[in-house]
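Text of upload_36.cif, listed as mmCIF, C-alpha atoms:
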data_run
#
loop_
_atom_site.label_atom_id
_atom_site.label_comp_id
_atom_site.auth_asym_id
_atom_site.auth_seq_id
_atom_site.Cartn_x
_atom_site.Cartn_y
_atom_site.Cartn_z
CA MET A 1 -2.19 15.38 -44.35
CA GLU A 2 -0.81 11.83 -44.06
CA ALA A 3 -2.95 8.84 -45.04
CA GLY A 4 -3.08 7.56 -41.44
CA THR A 5 -4.33 10.92 -40.17
CA ILE A 6 -6.94 11.16 -42.98
CA SER A 7 -8.26 7.74 -41.95
CA LEU A 8 -8.35 8.83 -38.31
CA VAL A 9 -10.27 12.03 -39.16
CA GLU A 10 -12.82 10.05 -41.17
CA LYS A 11 -13.32 7.72 -38.21
CA ILE A 12 -13.88 10.67 -35.84
CA VAL A 13 -16.40 12.20 -38.25
CA SER A 14 -18.21 8.88 -38.59
CA GLU A 15 -18.39 8.09 -34.85
CA SER A 16 -19.09 11.64 -33.62
CA GLY A 17 -21.59 12.65 -36.33
CA LYS A 18 -19.96 16.09 -36.56
CA PRO A 19 -19.05 17.79 -39.88
CA LYS A 20 -15.56 17.13 -41.22
CA GLU A 21 -14.83 20.86 -41.36
CA GLU A 22 -15.53 21.21 -37.63
CA ILE A 23 -13.20 18.31 -36.80
CA LEU A 24 -10.41 19.76 -38.95
CA GLU A 25 -10.81 23.15 -37.26
CA LYS A 26 -10.53 21.49 -33.83
CA ILE A 27 -7.34 19.69 -34.94
CA GLU A 28 -5.77 22.93 -36.20
CA SER A 29 -6.76 24.65 -32.96
CA LYS A 30 -4.98 21.93 -30.96
CA LYS A 31 -1.83 22.23 -33.07
CA GLU A 32 -1.77 26.01 -32.59
CA LYS A 33 -2.37 25.71 -28.85
CA PHE A 34 0.66 23.49 -28.40
CA ALA A 35 2.85 25.48 -30.78
CA GLY A 36 3.85 22.62 -33.03
CA LEU A 37 4.58 20.11 -30.25
CA LEU A 38 1.81 17.84 -31.52
CA THR A 39 1.66 16.06 -34.83
CA GLU A 40 -1.60 16.12 -36.78
CA SER A 41 -2.25 12.53 -35.68
CA GLY A 42 -1.65 13.41 -32.03
CA ALA A 43 -3.94 16.46 -32.27
CA ALA A 44 -6.65 14.33 -33.88
CA LEU A 45 -6.47 11.80 -31.04
CA MET A 46 -6.82 14.59 -28.48
CA VAL A 47 -9.92 15.83 -30.27
CA ALA A 48 -11.31 12.28 -30.29
CA LYS A 49 -10.78 11.97 -26.51
CA GLU A 50 -12.51 15.28 -25.86
CA LEU A 51 -15.48 14.04 -27.86
CA GLY A 52 -15.61 10.91 -25.70
CA LEU A 53 -14.54 8.53 -28.46
CA GLU A 54 -12.53 5.37 -27.73
CA LEU A 55 -10.57 4.64 -30.89
CA ASP A 56 -8.62 1.47 -31.50
CA LYS A 57 -5.52 3.40 -32.52
CA ASN A 58 -3.22 4.14 -29.57
CA SER A 59 -2.66 7.75 -28.58
CA GLU A 60 0.58 9.28 -29.70
CA ARG A 61 2.94 9.29 -26.76
CA LEU A 62 4.80 12.43 -25.83
CA LYS A 63 8.20 12.80 -24.21
CA ILE A 64 8.60 14.56 -20.88
CA GLY A 65 10.70 17.30 -22.51
CA GLN A 66 7.71 18.20 -24.71
CA LEU A 67 5.28 18.79 -21.84
CA GLU A 68 3.99 22.30 -21.17
CA ASP A 69 1.49 23.85 -18.79
CA GLY A 70 -2.06 23.45 -20.11
CA MET A 71 -1.63 20.22 -22.05
CA SER A 72 -4.28 17.53 -21.54
CA ASN A 73 -5.00 13.97 -22.72
CA VAL A 74 -1.27 13.24 -22.48
CA ASP A 75 0.01 9.66 -22.71
CA LEU A 76 3.62 8.69 -21.97
CA ILE A 77 5.95 5.99 -20.66
CA ALA A 78 8.51 6.84 -17.98
CA ARG A 79 10.60 5.30 -15.24
CA VAL A 80 10.06 6.04 -11.54
CA MET A 81 13.19 7.69 -10.15
CA GLN A 82 11.80 8.46 -6.70
CA ILE A 83 8.57 8.03 -4.72
CA PHE A 84 7.76 10.27 -1.78
CA SER A 85 5.60 9.12 1.11
CA PRO A 86 1.85 9.66 0.60
CA ARG A 87 0.45 12.65 2.49
CA GLU A 88 -2.97 13.25 3.94
CA PHE A 89 -4.52 16.72 3.85
CA GLU A 90 -7.75 18.52 4.66
CA LYS A 91 -9.24 21.31 2.54
CA ASN A 92 -12.64 22.99 2.96
CA GLY A 93 -13.58 20.32 5.49
CA LYS A 94 -12.79 17.42 3.15
CA LYS A 95 -9.94 14.99 3.66
CA GLY A 96 -7.76 13.81 0.80
CA ARG A 97 -4.53 12.03 -0.04
CA LEU A 98 -1.72 12.75 -2.48
CA CYS A 99 1.59 11.20 -3.45
CA ASN A 100 4.40 12.74 -5.48
CA LEU A 101 6.73 10.76 -7.73
CA ILE A 102 9.68 11.84 -9.86
CA ILE A 103 9.53 10.13 -13.27
CA ALA A 104 11.91 10.40 -16.22
CA ASP A 105 12.64 9.42 -19.81
CA ASP A 106 15.59 10.32 -22.05
CA SER A 107 14.23 13.87 -22.56
CA GLY A 108 14.05 14.90 -18.91
CA GLU A 109 12.22 14.37 -15.62
CA ILE A 110 9.00 15.71 -14.10
CA ARG A 111 7.01 15.52 -10.88
CA LEU A 112 3.93 13.28 -11.15
CA THR A 113 1.19 13.92 -8.58
CA LEU A 114 -1.39 11.25 -7.78
CA TRP A 115 -4.55 12.06 -5.88
CA HIS A 116 -6.95 10.14 -3.64
CA ASP A 117 -7.87 6.66 -5.00
CA ASP A 118 -4.97 6.72 -7.50
CA VAL A 119 -2.55 6.60 -4.56
CA LYS A 120 -4.07 3.28 -3.46
CA LYS A 121 -4.03 1.96 -7.05
CA MET A 122 -0.31 2.74 -7.23
CA GLN A 123 0.31 0.95 -3.93
CA ASP A 124 -1.81 -2.05 -4.95
CA GLN A 125 0.30 -2.46 -8.10
CA GLY A 126 3.50 -2.46 -6.04
CA VAL A 127 4.98 0.54 -7.85
CA GLU A 128 8.49 1.21 -6.57
CA LYS A 129 11.65 3.04 -7.51
CA GLY A 130 12.76 1.73 -10.92
CA SER A 131 9.27 0.67 -12.06
CA VAL A 132 8.27 1.60 -15.61
CA LEU A 133 4.87 3.30 -15.77
CA GLU A 134 2.53 3.65 -18.70
CA LEU A 135 0.39 6.73 -18.08
CA LYS A 136 -2.75 7.56 -20.03
CA ASN A 137 -4.95 10.65 -20.02
CA CYS A 138 -2.79 12.99 -17.96
CA TYR A 139 -2.78 16.79 -17.85
CA VAL A 140 0.00 19.28 -17.20
CA THR A 141 -0.05 22.13 -14.69
CA SER A 142 2.66 24.37 -13.31
CA PHE A 143 4.24 24.13 -9.84
CA LYS A 144 6.87 26.69 -8.83
CA GLU A 145 7.16 27.65 -12.51
CA LYS A 146 7.95 24.07 -13.53
CA PRO A 147 5.64 21.66 -15.42
CA GLN A 148 3.91 19.09 -13.22
CA LEU A 149 2.08 16.00 -14.47
CA ASN A 150 -1.26 14.92 -13.02
CA LEU A 151 -3.38 11.84 -13.65
CA SER A 152 -6.88 12.91 -14.69
CA TYR A 153 -10.10 11.55 -13.20
CA GLN A 154 -10.35 8.88 -15.93
CA GLY A 155 -6.61 8.44 -16.32
CA GLN A 156 -4.77 5.13 -16.15
CA LEU A 157 -1.53 4.11 -14.45
CA THR A 158 -0.09 0.65 -15.10
CA VAL A 159 3.29 -1.00 -14.64
CA ASN A 160 4.67 -1.78 -18.12
CA LEU A 161 7.02 -4.76 -17.88
CA GLN A 162 7.54 -4.88 -21.66
CA ALA A 163 9.17 -1.42 -21.61
CA GLU A 164 11.49 -2.33 -18.71
CA ASN A 165 14.63 -2.36 -20.88
CA SER A 166 13.63 0.34 -23.36
CA GLY A 167 16.58 2.39 -24.54
CA PHE A 168 14.79 5.72 -24.04
CA LEU A 169 14.43 5.20 -20.28
CA PRO A 170 17.18 6.08 -17.77
CA LYS A 171 18.52 3.45 -15.40
CA THR A 172 18.12 3.63 -11.62
CA GLU A 173 20.30 2.25 -8.88
CA ASN A 174 18.01 0.25 -6.62
CA LYS A 175 20.44 -1.56 -4.33
CA ILE A 176 18.87 -3.40 -1.42
CA PHE A 177 21.09 -3.25 1.67
CA LYS A 178 21.29 -6.03 4.22
CA LEU A 179 20.96 -4.54 7.69
CA ASP A 180 24.50 -5.56 8.66
CA GLU A 181 25.84 -3.61 5.65
CA LEU A 182 24.56 -0.26 6.93
CA GLN A 183 27.10 2.36 7.99
CA PRO A 184 26.59 5.88 9.40
CA GLY A 185 26.11 8.67 6.84
CA LEU A 186 24.42 6.71 4.04
CA ASN A 187 21.64 8.34 1.98
CA ASP A 188 18.93 6.94 -0.30
CA VAL A 189 19.03 3.59 1.51
CA ASN A 190 16.67 0.74 0.57
CA VAL A 191 16.12 -2.27 2.86
CA ILE A 192 13.71 -5.22 3.10
CA ALA A 193 12.94 -6.44 6.61
CA ARG A 194 10.32 -7.71 9.07
CA ILE A 195 8.64 -5.49 11.64
CA LEU A 196 9.40 -6.77 15.16
CA ARG A 197 7.82 -4.00 17.19
CA VAL A 198 6.18 -0.58 16.73
CA PHE A 199 6.48 1.94 19.58
CA PRO A 200 3.90 4.65 20.44
CA VAL A 201 3.93 7.93 18.51
CA THR A 202 5.56 10.95 20.18
CA GLU A 203 4.69 14.57 19.39
CA PHE A 204 7.28 17.33 19.80
CA LYS A 205 7.80 21.07 19.48
CA LYS A 206 11.08 22.55 18.29
CA GLU A 207 11.86 26.13 17.30
CA ASN A 208 8.21 27.08 16.84
CA ALA A 209 7.55 23.97 14.76
CA GLU A 210 5.50 20.93 15.66
CA GLY A 211 6.09 17.38 14.53
CA LYS A 212 5.61 13.68 15.20
CA VAL A 213 8.06 10.83 15.48
CA ALA A 214 7.61 7.06 15.76
CA ASN A 215 10.22 4.40 16.43
CA PHE A 216 9.99 0.79 15.31
CA GLN A 217 12.26 -2.24 15.29
CA ILE A 218 13.11 -4.13 12.09
CA ALA A 219 15.15 -7.26 11.39
CA ASP A 220 16.44 -9.45 8.59
CA LYS A 221 18.70 -12.52 8.65
CA THR A 222 21.76 -10.37 9.34
CA ASN A 223 20.80 -7.87 12.05
CA THR A 224 18.13 -6.15 14.14
CA ILE A 225 18.08 -2.34 14.22
CA ARG A 226 15.97 0.62 15.32
CA ALA A 227 14.18 2.72 12.68
CA THR A 228 12.69 6.19 13.16
CA ALA A 229 9.92 7.73 11.07
CA TRP A 230 9.28 11.46 11.05
CA ASN A 231 6.11 13.52 10.49
CA ASP A 232 4.12 12.30 7.44
CA LEU A 233 5.71 8.83 7.65
CA VAL A 234 4.35 8.40 11.18
CA ASN A 235 0.86 7.74 9.76
CA GLU A 236 2.30 4.83 7.76
CA THR A 237 4.03 3.27 10.79
CA GLU A 238 0.74 3.26 12.72
CA LYS A 239 -0.60 0.81 10.13
CA LEU A 240 2.28 -1.61 10.70
CA GLY A 241 2.22 -4.66 12.93
CA GLU A 242 4.54 -7.40 14.07
CA ASN A 243 5.76 -9.66 11.25
CA ASP A 244 4.77 -7.27 8.44
CA LEU A 245 7.25 -7.53 5.59
CA VAL A 246 8.26 -4.05 4.40
CA LYS A 247 10.52 -2.41 1.88
CA ILE A 248 11.83 0.96 3.07
CA GLU A 249 13.01 3.27 0.28
CA GLY A 250 14.95 6.54 0.40
CA ALA A 251 16.00 6.41 4.07
CA TYR A 252 19.28 7.62 5.63
CA THR A 253 21.48 6.26 8.43
CA LYS A 254 22.83 7.70 11.67
CA GLN A 255 24.90 6.40 14.54
CA GLY A 256 22.65 5.92 17.59
CA LEU A 257 23.36 5.13 21.22
CA LYS A 258 22.88 1.40 20.57
CA GLY A 259 24.22 1.14 17.02
CA ILE A 260 23.19 2.11 13.51
CA GLU A 261 19.73 3.65 13.13
CA LEU A 262 17.64 4.00 10.00
CA HIS A 263 15.79 7.32 9.64
CA LEU A 264 12.82 7.96 7.36
CA GLY A 265 12.50 11.61 6.32
CA TYR A 266 10.41 13.32 3.64
CA LYS A 267 12.13 11.39 0.82
CA ALA A 268 11.41 7.97 2.33
CA ARG A 269 8.57 5.55 1.73
CA ILE A 270 7.29 2.33 3.33
CA LEU A 271 6.01 -0.38 0.98
CA LYS A 272 4.18 -3.30 2.61
CA ASN A 273 4.45 -6.84 1.24
CA PRO A 274 6.95 -6.11 -1.55
CA LYS A 275 7.84 -8.68 -4.17
CA ILE A 276 11.05 -10.33 -3.00
CA ALA A 277 13.52 -12.77 -4.53
CA GLU A 278 14.80 -14.15 -1.21
CA GLU A 279 12.53 -15.27 1.62
CA VAL A 280 12.79 -13.37 4.91
CA PRO A 281 12.24 -15.43 8.10
CA SER A 282 9.22 -14.64 10.27
CA ALA A 283 9.43 -12.20 13.18
CA MET A 284 9.39 -15.04 15.70
CA GLU A 285 12.22 -16.86 13.93
CA LEU A 286 14.24 -13.63 13.77
CA ARG A 287 13.78 -13.32 17.55
CA GLY A 288 15.19 -16.81 17.98
CA VAL A 289 11.88 -18.50 18.83
CA ASP A 290 11.76 -22.17 17.82
CA VAL A 291 9.03 -22.71 15.24
CA THR A 292 7.98 -26.28 14.44
CA LYS A 293 6.85 -26.71 10.81
CA LYS A 294 4.38 -29.55 10.43
CA LYS A 295 1.50 -30.99 8.49
CA ILE A 296 -1.81 -30.53 10.32
CA ALA A 297 -2.32 -34.25 11.00
CA LYS A 298 1.07 -34.43 12.74
CA LEU A 299 0.42 -31.61 15.22
CA HIS A 300 0.63 -32.33 18.96
CA LYS A 301 -0.55 -30.21 21.89
CA ASP A 302 3.01 -29.97 23.24
CA ASP A 303 4.55 -28.63 19.99
CA GLY A 304 4.55 -25.02 21.26
CA ILE A 305 4.88 -22.54 18.38
CA VAL A 306 4.02 -24.19 15.06
CA GLU A 307 3.85 -23.25 11.40
CA ILE A 308 1.33 -24.73 8.99
CA LYS A 309 0.44 -24.06 5.37
CA GLY A 310 -2.98 -24.63 3.86
CA LYS A 311 -6.11 -22.96 2.58
CA ILE A 312 -9.08 -21.45 4.42
CA ILE A 313 -12.16 -23.67 4.08
CA GLU A 314 -14.46 -22.05 6.64
CA VAL A 315 -15.03 -18.93 8.73
CA GLU A 316 -16.60 -20.01 11.99
CA PRO A 317 -19.64 -18.12 13.39
CA GLY A 318 -18.76 -15.49 15.98
CA LYS A 319 -19.24 -11.89 17.09
CA LEU A 320 -16.17 -10.69 15.06
CA PHE A 321 -15.14 -8.14 17.71
CA PHE A 322 -15.14 -7.56 21.47
CA ASN A 323 -14.83 -4.49 23.71
CA ALA A 324 -11.17 -4.08 24.64
CA CYS A 325 -9.09 -1.87 26.89
CA GLN A 326 -7.51 1.11 25.09
CA LYS A 327 -4.24 0.60 26.99
CA CYS A 328 -3.57 -3.15 26.99
CA GLY A 329 -6.08 -4.56 24.49
CA LYS A 330 -7.53 -7.05 26.97
CA LYS A 331 -11.26 -7.74 27.16
CA VAL A 332 -13.23 -5.31 29.36
CA ILE A 333 -16.50 -5.72 31.25
CA LYS A 334 -19.29 -3.21 30.67
CA MET A 335 -20.31 -1.44 33.88
CA GLU A 336 -23.18 1.05 34.23
CA GLU A 337 -21.41 3.91 32.42
CA ASN A 338 -17.79 2.82 32.17
CA PHE A 339 -15.76 -0.30 31.35
CA LEU A 340 -13.66 -2.38 33.75
CA CYS A 341 -10.29 -3.82 32.73
CA GLU A 342 -8.82 -6.33 35.20
CA ASN A 343 -5.35 -5.21 34.09
CA CYS A 344 -5.66 -1.41 34.01
CA GLY A 345 -8.70 -0.65 36.14
CA GLU A 346 -11.80 1.35 35.22
CA GLN A 347 -11.93 2.97 31.77
CA LYS A 348 -14.31 5.56 30.34
CA GLU A 349 -14.22 4.08 26.86
CA SER A 350 -13.35 0.85 25.10
CA VAL A 351 -12.14 0.04 21.59
CA PRO A 352 -13.50 -2.69 19.28
CA ASN A 353 -10.88 -5.45 19.02
CA ALA A 354 -11.28 -7.79 16.04
CA VAL A 355 -11.54 -11.55 16.60
CA ILE A 356 -12.17 -14.25 14.03
CA SER A 357 -11.98 -18.03 13.93
CA ILE A 358 -11.23 -19.94 10.73
CA LYS A 359 -10.66 -23.52 9.67
CA ILE A 360 -7.50 -24.31 7.67
CA GLU A 361 -6.96 -27.44 5.62
CA ASP A 362 -3.91 -29.09 4.06
CA GLU A 363 -3.64 -32.47 2.35
CA SER A 364 -3.38 -34.23 5.73
CA GLY A 365 -6.29 -32.70 7.67
CA SER A 366 -7.84 -29.51 9.06
CA ILE A 367 -7.63 -27.39 12.22
CA ASN A 368 -9.26 -24.30 13.73
CA SER A 369 -7.27 -21.13 14.33
CA VAL A 370 -8.29 -18.02 16.28
CA PHE A 371 -7.05 -14.53 15.31
CA TYR A 372 -7.09 -11.51 17.62
CA GLY A 373 -6.41 -7.79 17.21
CA LYS A 374 -4.04 -6.69 14.45
CA THR A 375 -3.57 -10.27 13.22
CA ALA A 376 -7.35 -10.58 12.74
CA GLU A 377 -7.50 -7.17 11.04
CA GLU A 378 -4.71 -8.21 8.67
CA LEU A 379 -6.55 -11.42 7.84
CA VAL A 380 -9.90 -9.82 6.93
CA GLY A 381 -8.56 -6.46 5.67
CA LEU A 382 -10.78 -4.52 8.09
CA THR A 383 -10.09 -2.76 11.38
CA GLY A 384 -12.09 -3.52 14.50
CA LYS A 385 -13.91 -0.17 14.10
CA GLU A 386 -14.76 -0.97 10.47
CA ILE A 387 -16.13 -4.38 11.46
CA GLU A 388 -18.26 -2.82 14.21
CA LYS A 389 -19.59 -0.23 11.73
CA LYS A 390 -20.44 -2.85 9.10
CA ILE A 391 -22.38 -4.91 11.63
CA SER A 392 -24.33 -1.86 12.83
CA GLU A 393 -25.15 -0.71 9.28
CA ASN A 394 -25.98 -4.15 7.89
CA SER A 395 -26.06 -7.17 10.19
CA LEU A 396 -23.70 -9.72 11.70
CA GLU A 397 -24.87 -12.36 9.21
CA GLU A 398 -24.24 -10.14 6.16
CA THR A 399 -20.82 -9.13 7.48
CA MET A 400 -19.94 -12.80 8.09
CA ASP A 401 -21.01 -13.68 4.54
CA GLU A 402 -18.85 -10.88 3.13
CA ILE A 403 -15.81 -12.09 5.08
CA ARG A 404 -16.45 -15.71 4.07
CA GLY A 405 -16.53 -14.71 0.42
CA LYS A 406 -13.30 -12.78 0.80
CA LEU A 407 -11.37 -15.55 2.61
CA TRP A 408 -12.77 -18.73 1.04
CA ASN A 409 -10.01 -20.90 -0.47
CA THR A 410 -7.30 -18.34 0.36
CA GLU A 411 -3.86 -19.92 0.76
CA ILE A 412 -2.22 -19.04 4.05
CA THR A 413 0.98 -19.64 6.00
CA LEU A 414 0.24 -19.46 9.72
CA GLN A 415 2.41 -19.37 12.82
CA GLY A 416 0.94 -19.61 16.29
CA LYS A 417 0.69 -21.46 19.57
CA ILE A 418 -0.89 -24.91 19.48
CA LYS A 419 -3.23 -25.75 22.36
CA GLU A 420 -6.11 -27.98 23.32
CA ASN A 421 -9.55 -26.33 23.37
CA SER A 422 -10.92 -26.56 26.90
CA TYR A 423 -14.52 -27.09 25.67
CA ASN A 424 -14.14 -29.83 23.08
CA ALA A 425 -10.55 -31.06 23.67
CA GLU A 426 -9.71 -30.47 19.99
CA LEU A 427 -6.41 -28.91 18.95
CA GLU A 428 -6.46 -25.31 17.77
CA ILE A 429 -3.91 -22.60 16.99
CA THR A 430 -3.85 -19.08 18.44
CA ALA A 431 -2.48 -17.10 15.51
CA LYS A 432 0.60 -14.91 16.01
CA ASN A 433 1.83 -14.32 12.46
CA MET A 434 0.35 -15.08 9.08
CA GLU A 435 0.84 -14.43 5.37
CA LYS A 436 -1.79 -14.75 2.66
CA LYS A 437 -1.03 -15.64 -0.94
#
Encoded form using C-alpha cells:
Amino acid sequence: MEAGTISLVEKIVSESGKPKEEILEKIESKKEKFAGLLTESGAALMVAKELGLELDKNSERLKIGQLEDGMSNVDLIARVMQIFSPREFEKNGKKGRLCNLIIADDSGEIRLTLWHDDVKKMQDQGVEKGSVLELKNCYVTSFKEKPQLNLSYQGQLTVNLQAENSGFLPKTENKIFKLDELQPGLNDVNVIARILRVFPVTEFKKENAEGKVANFQIADKTNTIRATAWNDLVNETEKLGENDLVKIEGAYTKQGLKGIELHLGYKARILKNPKIAEEVPSAMELRGVDVTKKKIAKLHKDDGIVEIKGKIIEVEPGKLFFNACQKCGKKVIKMEENFLCENCGEQKESVPNAVISIKIEDESGSINSVFYGKTAEELVGLTGKEIEKKISENSLEETMDEIRGKLWNTEITLQGKIKENSYNAELEITAKNMEKK
C-alpha cells in the first residue's frame, strides 16, 4: 500500500472511530466490486464518503470510459457536447423535471441525467454546449444497456473554467449564426436573438399521436424570422416575453412561406439571458421604434419612448396585482358572480395580473416607473398567481418587504413611455422592456 493511501486510511480510522481492519476490508470490497477499475486511494475515498466523512484530499477522478453500472461516489470532469430541453413528468401523482446532457472526455461520452432542483441549478449557472463541468458524487445506472450518469442527492455540478483548455477534453463547434446567415437544411444551429412576439400554443393530432406547437418571432441586428417550438419545448416558450434575450441551441432550418424558419425539435434548447460578447438591441429598437436615451434629469414629457439606466432605490406601496381579463389582460370589474371586461364582455373568471411601481435613480435624479403584466413578473421574479398566493398566505406588507429586499439597489436598464402623472403632474415611465444586472 502506498504511503499516501496509508495516511488516508489512518485518517479514516481516526475520524470514523472504526477499527483499521474493518476499514481495510471495506476498501478491498470496493476494489473487488469494481474489478480493478479503482486504485486503493480511490476505493478508500469511496469508503470515506459512505461513512459521511469530508476529507481534505480530493476524490480520485475517473474517466468516462471507466464507468460501469453500479458505481457510486464518482467524481469526474467532462465537456458538454449537447443539452436536451428539460422535460416535465408526472409519476404516482407527483410532478418532476429532468434534463439530459451528453458529456465527454478523451475516453468516451455518456448521458448525464439531472433531476428536479439540479435542472434549475444547471440553468442558473448558464451551462451550455461546450461548457466544462466538474461533477462530484455521481452514481452510474444503465439505460438501454448503456451506462448513464446521474447526480446524487448531495452531488455537485459546477462550471470549471480552469479546465476549459485541458488536453483530455474534446473540442466542440459552437458557432453562433446571425439570422441573415441561415439557409434551408441546416442542423445543430445556434443563434442569439431577442423575442419580439410569442403566439398562442396550438395542439394537434397526427397519425394517432398528439402534440403541441408554438410559434414565436425573433430578431437580431441582421434579420427577423419566425421560430417554431415543438412538444416539450412549448413549455419553455410559454415562459418567454417580448424583449427576452435568448440563445437557441440545436435547432434546424426550413424554408417557410415567408422565408427561412427556425425549428426547435427534441435536440433543441432555449437558454434565457445568455452571456454575450456583442450587445443585441432591444425589441423596440429592432422593430424600428425610436428610443431616446437620456439621463433622468433631462427627461421631458414629449420624449416618447425613452431609455434610462440607474438603480432601484424604492418599491412604492401598492396592491401588487389586479384582476385582469383572461383574453386581453385589461382590468376587469367584479360583478355579483362574474367579471366584466369593457373590451371582451362578461367573463366567468379573471387572472391576477402583476403590477408594481418602483423609483429609479441615476447620478442626475430619480423617477417613478410602473410595470405591468409580464414586465412586472420579470422584474420581481414572481408570476401574478405567485404574488396573489404569497399575499394570501402571509400579508401584503410581508410580501412588499420581501420584494423590496430583492430589488433594493439593483441596477436596471429600462425602456418605456414617458408621461405626466395626472394626479401629481410628475413625470413617470410606463415600462415596456427592462434588463437587470
Would you list the residues near (-15.3, 19.7, -40.0), meaning any protein, DNA or RNA residue with an atom at most 12 Å from that point in file coordinates, counting only C-alpha atoms, as number ranges by chain?
A: 9-10, 12-14, 16-28, 44, 47
Stretch 255-272 of chain A surroundings by all atoms listed in the file, 8 Å radius, close-in-sequence under 3 positions cut, as a VMD selection string:
chain A and resid 83 to 86 123 126 182 to 184 225 to 233 236 244 to 252
Serialized selection, C-alpha atoms, as an mmCIF file, keeping the file's coordinate frame:
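Below is the file part03.cif, written as the result:
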data_model
loop_
_atom_site.group_PDB
_atom_site.id
_atom_site.type_symbol
_atom_site.label_atom_id
_atom_site.label_comp_id
_atom_site.auth_asym_id
_atom_site.auth_seq_id
_atom_site.Cartn_x
_atom_site.Cartn_y
_atom_site.Cartn_z
ATOM 1 C CA ILE A 83 8.570 8.030 -4.720
ATOM 2 C CA PHE A 84 7.760 10.270 -1.780
ATOM 3 C CA SER A 85 5.600 9.120 1.110
ATOM 4 C CA PRO A 86 1.850 9.660 0.600
ATOM 5 C CA GLN A 123 0.310 0.950 -3.930
ATOM 6 C CA GLY A 126 3.500 -2.460 -6.040
ATOM 7 C CA LEU A 182 24.560 -0.260 6.930
ATOM 8 C CA GLN A 183 27.100 2.360 7.990
ATOM 9 C CA PRO A 184 26.590 5.880 9.400
ATOM 10 C CA ILE A 225 18.080 -2.340 14.220
ATOM 11 C CA ARG A 226 15.970 0.620 15.320
ATOM 12 C CA ALA A 227 14.180 2.720 12.680
ATOM 13 C CA THR A 228 12.690 6.190 13.160
ATOM 14 C CA ALA A 229 9.920 7.730 11.070
ATOM 15 C CA TRP A 230 9.280 11.460 11.050
ATOM 16 C CA ASN A 231 6.110 13.520 10.490
ATOM 17 C CA ASP A 232 4.120 12.300 7.440
ATOM 18 C CA LEU A 233 5.710 8.830 7.650
ATOM 19 C CA GLU A 236 2.300 4.830 7.760
ATOM 20 C CA ASP A 244 4.770 -7.270 8.440
ATOM 21 C CA LEU A 245 7.250 -7.530 5.590
ATOM 22 C CA VAL A 246 8.260 -4.050 4.400
ATOM 23 C CA LYS A 247 10.520 -2.410 1.880
ATOM 24 C CA ILE A 248 11.830 0.960 3.070
ATOM 25 C CA GLU A 249 13.010 3.270 0.280
ATOM 26 C CA GLY A 250 14.950 6.540 0.400
ATOM 27 C CA ALA A 251 16.000 6.410 4.070
ATOM 28 C CA TYR A 252 19.280 7.620 5.630
#
Could you expand the PyMOL selection byres ((chain A and resi 368) around 8) into the explicit residues it covers here, written as a count of residues only?
11
Check what the PyMOL selection byres ((chain A and resi 160-164) around 8) selects in the file above and give those residues as a compact mmCIF listing (two decimals) with C-alpha atoms, in the frame of the given file.
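part.txt, written as the output of this step:
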# COMPACT_ATOMS: atom_id res chain seq x y z
CA SER A 131 9.27 0.67 -12.06
CA VAL A 132 8.27 1.60 -15.61
CA LEU A 133 4.87 3.30 -15.77
CA GLU A 134 2.53 3.65 -18.70
CA THR A 158 -0.09 0.65 -15.10
CA VAL A 159 3.29 -1.00 -14.64
CA ASN A 165 14.63 -2.36 -20.88
CA SER A 166 13.63 0.34 -23.36
Starting from the shown file, work through the PyMOL selection byres ((chain A and resi 174) around 9) and note down what comes out as a ChimeraX atom specification.
/A:129-130,172-173,175-176,189-190
Expected residue set, 10 Å radius at (2.5, -6.8, 16.2), only C-alpha atoms, as JSON, numbers by chain:
{"A": [195, 196, 197, 198, 240, 241, 242, 243, 244, 283, 373, 374, 375, 432, 433]}
Taking all atoms listed in the file into account, name the residue in A:Met46, A:Ile403, A:Val351, A:Ala78 that is nearest to A:Lys390.
A:Ile403
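Between atom CA of A:Asn338 and atom CA of A:Gly384 there is a distance of 19.6 Å.
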